[in-house]
Amino acid sequence: MLPPMHMLFRTLWHQWFVGRRGPRIGFGDVSRSRFRVWPTDLDILRHMNNGKYLSIMDVARFDLIRRNGSWDVFEREGWYAVVVGQTISYRRSLNPWVRFWVESRILGFDEQAVYIEQRFVRPDARRRSEVYARAVVRGRILRRSGGTVPVAEIIEKSGADPDRLRVPEEILEWGRATRLPSTRDDATSVWG
C-alpha cells in the first residue's frame, strides 16, 4: 500500500512547479492543468488506477480555483469546498509516464451546490484534445466557522455571472438523484 502522503506531495509539486505557469482565467473559463502518469499512479494492469483519477481531479480543481480568483475569495471569507458527489466515465487508459491534461470548468449552480466538469485529455494525431475520461463533480462551499455558504452569496462575492453559467438539465437531474440526506437528518443504513 502506498503512503497517504503521496497526494500531498503531488499537490505541492503541482502548485510549486507546474501550476504556477498557468495564466489567470475568468470564473467560467476552462483551466488546463498538466500532469504525467507516475509509477505510483499505476494499478496491477500497469495503467493509471481508476481511483487516482479522482485524486488528480482534486489537484486540478485547486489549480482552477487558484487561477480563476476563487481561492482569494475563499481565503478572505473563511470558506472551503467539499465534494458531495461525483461521477466519472472512462474511455481510454493512461499509461506509465504519459503526459496528459485535466481540463476543468465551472458549469454553474443549483440551489445548494456548484457543478464542475473535468476532462482528462491528450492530443490525438491531428493535435486536437482527445477525451480519455470525463467527470462531473458536485461541491458545497462551507464556512470554517460552521455552516454552508448560500449559493447567492457565492455568486455575489465571486463575481460569477449566473447567466453565463448553465448546468445541463441531465447533470442537475443526476445531482438530485444522487443526493444524500442532510447531516441533520437520519441516514440509517438499511438494505432492502
# chains A, B, ... in the order shown; residues from 1 in each chain; ligands from 1
call {"tool": "residues_around", "arguments": {"residues": "region 67-84 of chain A", "least_positions_apart": "2", "cutoff": "7 Å", "atoms": "only C-alpha atoms", "output": "PyMOL selection string"}}
result
chain A and resi 23-27+63-65+137-144+158
call {"tool": "atom_distance", "arguments": {"atom1": "CA of Arg36 (chain A)", "atom2": "CA of Val136 (chain A)"}}
result
21.4 Å
call {"tool": "atom_distance", "arguments": {"atom1": "CA of Glu130 (chain A)", "atom2": "CA of Pro96 (chain A)"}}
result
17.7 Å
call {"tool": "closest_residue", "arguments": {"among": "A:Leu180, A:Leu94, A:Met7, A:Ala187", "to": "Asn49 (chain A)", "atoms": "only C-alpha atoms"}}
result
A:Leu94
call {"tool": "select_by_dssp", "arguments": {"residues": "region 15-65 of chain A", "states": "helix (DSSP H, G or I)", "output": "number ranges by chain"}}
result
A: 15-21, 39-41, 50-65
call {"tool": "closest_residue", "arguments": {"among": "A:Ser93, A:Ala133, A:Thr148, A:Val102", "to": "Asp43 (chain A)", "atoms": "only C-alpha atoms"}}
result
A:Ser93
call {"tool": "closest_residue", "arguments": {"among": "A:Glu111, A:Asp29, A:Asp41, A:Asp58", "to": "Ile155 (chain A)", "atoms": "only C-alpha atoms"}}
result
A:Glu111
call {"tool": "residues_around", "arguments": {"residues": "Gly175 (chain A)", "least_positions_apart": "5", "cutoff": "9 Å", "atoms": "only C-alpha atoms", "output": "PyMOL selection string"}}
result
chain A and resi 85-86+110+115+138+170
call {"tool": "write_last_selection", "arguments": {"atoms": "N, CA and C atoms", "output": "CSV table (one decimal), in the first residue's frame"}}
result
chain,number,residue,atom,x,y,z
A,85,GLY,N,-20.6,14.9,-4.3
A,85,GLY,CA,-21.0,13.9,-5.3
A,85,GLY,C,-20.1,14.0,-6.5
A,86,GLN,N,-19.8,12.9,-7.2
A,86,GLN,CA,-19.0,12.9,-8.4
A,86,GLN,C,-19.3,11.6,-9.2
A,110,ASP,N,-26.8,24.8,-8.7
A,110,ASP,CA,-28.2,24.6,-8.4
A,110,ASP,C,-28.5,25.3,-7.1
A,115,TYR,N,-21.3,23.0,-9.7
A,115,TYR,CA,-21.0,21.8,-10.5
A,115,TYR,C,-19.8,22.2,-11.4
A,138,ARG,N,-20.0,17.6,-8.0
A,138,ARG,CA,-20.9,18.5,-7.3
A,138,ARG,C,-20.3,18.8,-5.9
A,170,GLU,N,-29.6,17.3,-17.6
A,170,GLU,CA,-29.3,15.9,-17.2
A,170,GLU,C,-28.3,15.8,-16.0
call {"tool": "residues_around", "arguments": {"residues": "Met57 (chain A)", "least_positions_apart": "2", "cutoff": "10 Å", "atoms": "only C-alpha atoms", "output": "MDAnalysis selection string"}}
result
chainID A and resid 33 52:55 59:63 102:104 117:120 135 137
call {"tool": "write_last_selection", "arguments": {"atoms": "C-alpha atoms", "output": "compact mmCIF listing (two decimals), in the first residue's frame"}}
result
# COMPACT_ATOMS: atom_id res chain seq x y z
CA SER A 33 -3.62 21.51 -15.68
CA LYS A 52 -6.13 8.08 -8.96
CA TYR A 53 -8.27 9.98 -11.46
CA LEU A 54 -10.38 11.30 -8.57
CA SER A 55 -7.29 12.34 -6.58
CA VAL A 59 -5.29 18.84 -7.65
CA ALA A 60 -6.73 20.20 -10.91
CA ARG A 61 -9.71 21.79 -9.10
CA PHE A 62 -7.30 23.55 -6.76
CA ASP A 63 -5.49 24.87 -9.83
CA VAL A 102 -7.06 17.87 -16.92
CA GLU A 103 -9.43 20.48 -18.27
CA SER A 104 -11.68 21.88 -15.54
CA GLU A 117 -16.84 19.32 -15.30
CA GLN A 118 -13.38 17.82 -15.60
CA ARG A 119 -11.87 16.04 -18.60
CA PHE A 120 -8.67 14.02 -18.90
CA ALA A 135 -16.18 13.60 -14.74
CA VAL A 137 -18.31 16.99 -9.59
call {"tool": "atom_distance", "arguments": {"atom1": "CA of Leu165 (chain A)", "atom2": "CA of Ile106 (chain A)"}}
result
7.6 Å
call {"tool": "select_by_dssp", "arguments": {"residues": "region 30-95 of chain A", "states": "strand (DSSP E or B)", "output": "MDAnalysis selection string"}}
result
chainID A and resid 31:36 42 48 79:90
call {"tool": "write_last_selection", "arguments": {"atoms": "C-alpha atoms", "output": "PDB file, in the first residue's frame"}}
result
ATOM      1  CA  SER A  31      -8.388  25.643 -16.746  1.00  0.00           C
ATOM      2  CA  ARG A  32      -5.821  23.240 -18.268  1.00  0.00           C
ATOM      3  CA  SER A  33      -3.617  21.510 -15.679  1.00  0.00           C
ATOM      4  CA  ARG A  34      -0.664  19.461 -16.925  1.00  0.00           C
ATOM      5  CA  PHE A  35       0.222  16.078 -15.399  1.00  0.00           C
ATOM      6  CA  ARG A  36       2.208  12.925 -16.090  1.00  0.00           C
ATOM      7  CA  LEU A  42      -0.460   2.559 -11.602  1.00  0.00           C
ATOM      8  CA  MET A  48      -3.482   4.643 -14.101  1.00  0.00           C
ATOM      9  CA  TRP A  79     -14.629  29.286   3.146  1.00  0.00           C
ATOM     10  CA  TYR A  80     -13.608  25.869   1.883  1.00  0.00           C
ATOM     11  CA  ALA A  81     -15.036  23.452  -0.667  1.00  0.00           C
ATOM     12  CA  VAL A  82     -16.078  19.818  -0.193  1.00  0.00           C
ATOM     13  CA  VAL A  83     -17.115  17.259  -2.781  1.00  0.00           C
ATOM     14  CA  VAL A  84     -20.612  15.910  -2.143  1.00  0.00           C
ATOM     15  CA  GLY A  85     -20.973  13.867  -5.323  1.00  0.00           C
ATOM     16  CA  GLN A  86     -19.037  12.899  -8.402  1.00  0.00           C
ATOM     17  CA  THR A  87     -19.313  10.608 -11.358  1.00  0.00           C
ATOM     18  CA  ILE A  88     -16.682   9.651 -13.893  1.00  0.00           C
ATOM     19  CA  SER A  89     -16.680   7.739 -17.179  1.00  0.00           C
ATOM     20  CA  TYR A  90     -13.515   6.246 -18.644  1.00  0.00           C
TER      21      TYR A  90
END
